[in-house]
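K.L.:
First the structure, which I've put down as structure tokens, then a few questions once you've had a look.
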Amino acid sequence: MPDTYPLAIDNQRTLPDGFTGPVFVWDIDKTYLSTHFSSLQGLGRIPLEFAVDKQAIPGMPEVLRGIRRGPGPGYACAPLYFVTASPPQLRGVLEHKMILDGVEFDGITFKDWWKLLKQGRPNRIRDQIGFKVCALLEGRLRRPLATEYLFGDDAESDADALSLYADLVHEDISPGEALHRMAATGMREDNRRCALALFDRLPSRRGKVRRIFIHLEKRTPPEQFEPFGPRLLPVKGGLQLALALFALGLVDEETVRQCWEAVSRAKETPDAELDALVFDAVHHRLISRKKLRLLDAVLPLPGRRKS
């Protein structure tokens, strides 16, 4: 009997067989919300946490609503799933927070802390790469042909985990090579066994990961992510993420406008700083100047502001 990673999966939507459309899979801590649990002591605070105590990263709820809505005139109801290393005991708090933010979603995968403790493996609570890869592979088995867009952050090892998962999905590699790549990321041996068991169940015909977005919570220089290739896009907050998604045709102009306003309100950010974020997005090729001109009517960049 192969080892299985202790996940708590809440899947509220079954996509049609053969679904090849876009699916969006988000981390929660430091990617959508600015709070997180990363210690056993934090587990004891769960009963004291309320949804109103959770703070969304400025602009991220607007991006999530825009993704769900889609870029067209109708309501796309794009599939949206969350993956979080928080324990399932937080489900009610997180779902309430999403209701407050107007964020609709189709499921959440949690790390089951209690099972880890019962197994005598408390060190796995801090494990990120093994958890993320196993959680994403579980999702891929449910949506084998989907085109995925993944969202993480630079606070821990999301770039390594999400890129490893994308390679496992994309490439025709042997189980031995898969194990070698897992080991190269520092994944624990027990987690490699779990991931390999899931990898072996992948169908030969499957979709791909189109893009990986990494929110620069720690302000890591974007250049540090160049070794991951053009599939991975580091972004500085909700506004740059909205611009990158607009450039890919995944959200509309209204989403970008709402993100601009949300970031401006939340941080009382001066126009000059917002301008700098936009031009930095162009510099790092998140959006082209041609695409940016399509936002003339909604972005009050220099030269288009009322006096």
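Naming works like this for the structure tokens: A, B, ... for the chains as they're shown, residue 1 at the start of each chain, ligands 1 onward in shown order.
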Which parts of stretch 32-217 of chain A does DSSP call helix (DSSP H, G or I) when run on the backbone here, written out as a PyMOL selection string?

P.N.:
chain A and resi 40-43+46-48+51-53+60-69+88-101+113-118+122-125+129-142+158-170+175-184+189-199

K.L.:
Show me, as a PyMOL selection string, the residues that have an atom within 12 Å of A:Asp29 when counting only C-alpha atoms, minus same-chain residues fewer than 3 positions from it.

P.N.:
chain A and resi 26+32-38+54-57+60+82-86+94+110+151-156+158+215+217

K.L.:
Grab the atom CA of A:Leu64 to atom CA of A:Tyr5 distance for me, in Å with one decimal place.

P.N.:
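Atom-to-atom, atom CA of A:Leu64 to atom CA of A:Tyr5, that is 27.9 Å.
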
K.L.:
Do you know which residues are at most 7 Å from A:Gly237 counting only C-alpha atoms, after dropping those on the same chain fewer than 2 positions away, and could you put them as a ChimeraX atom specification?

P.N.:
/A:215-216,235,239-241

K.L.:
Mind giving me the straight-line distance from atom CA of A:Thr220 to atom CA of A:Glu171 in Å, one decimal?

P.N.:
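Taking atom CA of A:Thr220 and atom CA of A:Glu171, their separation equals 28.5 Å.
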
K.L.:
Please return, as a list in words, all residues of stretch 29-238 of chain A that DSSP assigns to strand (DSSP E) on the basis of the backbone.

P.N.:
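Those in stretch 29-238 of chain A that DSSP calls strand (DSSP E) are Leu80, Tyr81, Phe82, Val83, Thr84, Gly107, Ile108, Thr109, Phe110, Lys111, Thr147, Glu148, Tyr149, Leu150, Phe151, Gly152, Asp153, Val209, Arg210, Arg211, Ile212, Phe213, Ile214, His215, Leu232, Leu233, Pro234 and Val235 of chain A.
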
K.L.:
Quote the spacing between atom CA of A:Gly70 and atom CA of A:Val209 in Å to one decimal place.

P.N.:
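Straight-line distance from atom CA of A:Gly70 to atom CA of A:Val209 works out to 18.4 Å.
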
K.L.:
Can you work out which one of A:Lys208, A:Ser163, A:Lys290, A:Leu90 has the shortest atom-to-atom distance to A:Pro227, counting only C-alpha atoms?

P.N.:
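Smallest separation from A:Pro227 among the options: A:Ser163.
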
K.L.:
Counting only C-alpha atoms, figure out which residue out of A:Val169, A:Val63, A:Val282, A:Ile99 gets nearest to A:Ala146.

P.N.:
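Closest residue, counting only C-alpha atoms: A:Val169.
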
K.L.:
Excluding same-chain residues fewer than 5 positions from A:Arg265, what lies within 12 Å of it counting only C-alpha atoms, as a ChimeraX atom specification?

P.N.:
/A:58-59,258-260,270-271,274

K.L.:
Restricted to C-alpha atoms, what would the selected residues look like written as a PDB file, in the first residue's frame?

P.N.:
```pdb
ATOM      1  CA  PRO A  58      -4.629  44.756  -1.641  1.00  0.00           C
ATOM      2  CA  GLY A  59      -6.029  44.061  -5.091  1.00  0.00           C
ATOM      3  CA  GLN A 258     -10.655  47.915  -9.638  1.00  0.00           C
ATOM      4  CA  CYS A 259      -7.189  46.667  -8.640  1.00  0.00           C
ATOM      5  CA  TRP A 260      -5.696  50.106  -9.167  1.00  0.00           C
ATOM      6  CA  PRO A 270       0.711  57.950  -4.182  1.00  0.00           C
ATOM      7  CA  ASP A 271       0.048  58.024  -7.907  1.00  0.00           C
ATOM      8  CA  LEU A 274       1.316  53.171  -8.825  1.00  0.00           C
TER       9      LEU A 274
END
```
